[in-house]
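K.L.:
Below: one structure in structure tokens.
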Amino acid sequence: MKRILLLIIIITAVNYIEAQDSHENNHKLIKGCSISYFGQGFSHYGVKIGREYPLWTKEKIKIKKNLKEIQKNKLIFITGNIGCFIHKRNNVGIFVNSEIGYRKTHKRGFKNEFLFGLGYLHTFLQGDTYEVNDNGSVKKVFLAGRSSLMTSLSCGIGYDFDYYYHKHFSLILKPGFFVQYPFNTAFAARTTIELGFFYNFRQ
């Protein structure tokens, strides 16, 4: 029940939060979506799809002596994501999570970011699974697996093509890890790698 409540809170926050652009001092919503390769470890491949909403943004424009304009941006944002990964001949993991992040975009469009996330992970065992009842009979278990809390931390480097090429998309590489709890009698730490494409919608 607690995990279901957590899932509802995450989905509600992602769908109803509204962002304020502090640089322009208005309530224009800026939002985007992303799709990325999501690898759990280096051999368990998957995909992740998400949406992003800014919570706070600050832009700084500097004019150099040659009248060239240099633009820098700082952003605090929240994401909502759904994804999956496959551990071949073992299990399939499906997750939903939300992250809060900080991103800084430097001159020429290069950017770096840090994200902390919280979500729900469910792993399904591959292959047939059986269990023995108290009376000794054996029955097949449909969609056997486990549910876990998923706490993640990642950092990213990338490039924003909007700065010099006026294209509303960016590329990002994000190594990181997540903690799966419970796992057996304790927890498990899993490394991750993401290579993603982000498109920014401006209204």
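Each chain in the structure tokens gets a letter, A, B and so on, in the order shown; residues start at 1 in every chain, and ligands are counted from 1 in the order they appear.
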Tell me which protein, DNA and RNA residues are within 8 Å of Leu125 in chain A, counting only C-alpha atoms, leaving out same-chain ones fewer than 2 positions away, and put them as a PyMOL selection string.
P.N.:
chain A and resi 90-92+123+127+129+143-145
K.L.:
Report as JSON, numbers by chain all protein, DNA and RNA residues lying within 12 Å of range 179-186 of chain A, evaluated on only C-alpha atoms, omitting residues in the same chain fewer than 4 positions from it.
P.N.:
{"A": [3, 40, 93, 95, 116, 117, 118, 119, 120, 121, 122, 123, 145, 146, 147, 148, 149, 150, 151, 152, 153, 154, 190, 191, 192]}
K.L.:
Keeping only C-alpha atoms, write the selected residues as a CSV table (one decimal), in the first residue's frame.
P.N.:
```
chain,number,residue,atom,x,y,z
A,3,ARG,CA,4.5,1.8,-2.6
A,40,GLN,CA,21.6,-1.2,-15.9
A,93,GLY,CA,12.7,-4.6,-14.5
A,95,PHE,CA,10.1,1.3,-13.1
A,116,PHE,CA,18.4,12.7,-7.4
A,117,GLY,CA,15.5,10.4,-7.9
A,118,LEU,CA,12.9,8.4,-6.0
A,119,GLY,CA,10.6,5.8,-7.6
A,120,TYR,CA,9.1,2.3,-7.7
A,121,LEU,CA,10.7,-0.7,-9.4
A,122,HIS,CA,9.2,-4.1,-10.1
A,123,THR,CA,11.2,-7.0,-11.5
A,145,GLY,CA,8.8,-11.1,-9.2
A,146,ARG,CA,9.4,-8.5,-6.5
A,147,SER,CA,8.6,-4.8,-5.8
A,148,SER,CA,11.2,-2.4,-4.5
A,149,LEU,CA,11.9,1.2,-3.6
A,150,MET,CA,14.3,2.8,-6.2
A,151,THR,CA,16.5,5.6,-5.0
A,152,SER,CA,18.8,7.0,-7.7
A,153,LEU,CA,21.7,9.5,-8.2
A,154,SER,CA,23.3,10.5,-11.5
A,190,ARG,CA,23.0,-1.0,-9.3
A,191,THR,CA,25.1,1.1,-11.7
A,192,THR,CA,23.4,2.8,-14.6
```
K.L.:
Determine the nearest neighbour of Phe85 in chain A from the options A:Ser36, A:Gln71, A:Asn200, A:Asn135, counting only C-alpha atoms.
P.N.:
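Of A:Ser36, A:Gln71, A:Asn200, A:Asn135, the one nearest Phe85 in chain A, counting only C-alpha atoms, is A:Ser36.
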K.L.:
Which neighbours of Arg103 in chain A fall inside 8 Å, counting only C-alpha atoms, when residues of the same chain fewer than 3 positions from it are skipped, and could you give them as a PDB file with C-alpha atoms, in the first residue's frame?
P.N.:
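Dumped everything to part06.pdb:
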```
ATOM      1  CA  LYS A  74      21.160  27.719 -14.511  1.00  0.00           C
ATOM      2  CA  LEU A  75      18.107  25.534 -13.980  1.00  0.00           C
ATOM      3  CA  ILE A  76      16.417  23.551 -11.211  1.00  0.00           C
ATOM      4  CA  LYS A 111      26.074  21.561 -20.062  1.00  0.00           C
ATOM      5  CA  ASN A 112      26.356  19.460 -16.928  1.00  0.00           C
ATOM      6  CA  GLU A 113      23.703  18.332 -14.477  1.00  0.00           C
ATOM      7  CA  PHE A 114      23.101  16.403 -11.254  1.00  0.00           C
TER       8      PHE A 114
END
```
K.L.:
What residues in range 135-189 of chain A get the DSSP label strand (DSSP E)? Please answer as a ChimeraX atom specification.
P.N.:
/A:138-141,145-160,169-183,186-189
K.L.:
Out of A:Cys33, A:Ile100, A:Leu195, A:Ile86, which residue has the shortest atom-to-atom distance to Glu52 in chain A when counting only C-alpha atoms?
P.N.:
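Closest to Glu52 in chain A of all the choices is A:Cys33.
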K.L.:
Based on the backbone DSSP call, show me all residues of range 17-177 of chain A assigned alpha helix (DSSP H), as a list in words.
P.N.:
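Secondary structure check on range 17-177 of chain A, alpha helix (DSSP H): Asp162, Tyr163, Tyr164 and Tyr165 of chain A.
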K.L.:
Atoms to include: N, CA, C and O atoms. Write the selected residues as a short mmCIF file (atom, residue, chain, number, x, y, z; two decimals), in the first residue's frame.
P.N.:
```cif
data_model
loop_
_atom_site.label_atom_id
_atom_site.label_comp_id
_atom_site.auth_asym_id
_atom_site.auth_seq_id
_atom_site.Cartn_x
_atom_site.Cartn_y
_atom_site.Cartn_z
N ASP A 162 20.39 24.40 -28.94
CA ASP A 162 19.61 25.63 -29.05
C ASP A 162 20.48 26.88 -28.94
O ASP A 162 20.09 27.95 -29.39
N TYR A 163 21.65 26.77 -28.35
CA TYR A 163 22.46 27.94 -28.07
C TYR A 163 23.02 28.59 -29.33
O TYR A 163 22.96 29.80 -29.49
N TYR A 164 23.55 27.79 -30.23
CA TYR A 164 24.17 28.36 -31.43
C TYR A 164 23.46 27.96 -32.72
O TYR A 164 23.59 28.62 -33.73
N TYR A 165 22.71 26.86 -32.65
CA TYR A 165 22.08 26.36 -33.87
C TYR A 165 20.57 26.57 -33.88
O TYR A 165 19.90 26.23 -34.85
#
```
K.L.:
In Å, with one decimal, what is the gap from CA of Gly158 in chain A to CA of Phe42 in chain A?
P.N.:
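The value is 20.0 Å.
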K.L.:
Tell me which of A:Phe77, A:Phe169, A:Phe198, A:Phe110 sits closest to Ile49 in chain A, counting only C-alpha atoms.
P.N.:
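Closest candidate: A:Phe198.
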K.L.:
I'd like the neighbourhood of Gly46 in chain A as a list of chain:residue names, where a residue qualifies if any of its atoms comes within 6 Å (using only C-alpha atoms), though same-chain residues fewer than 5 positions away should be ignored.
P.N.:
A:Phe38, A:Gly39, A:Cys84, A:Phe85
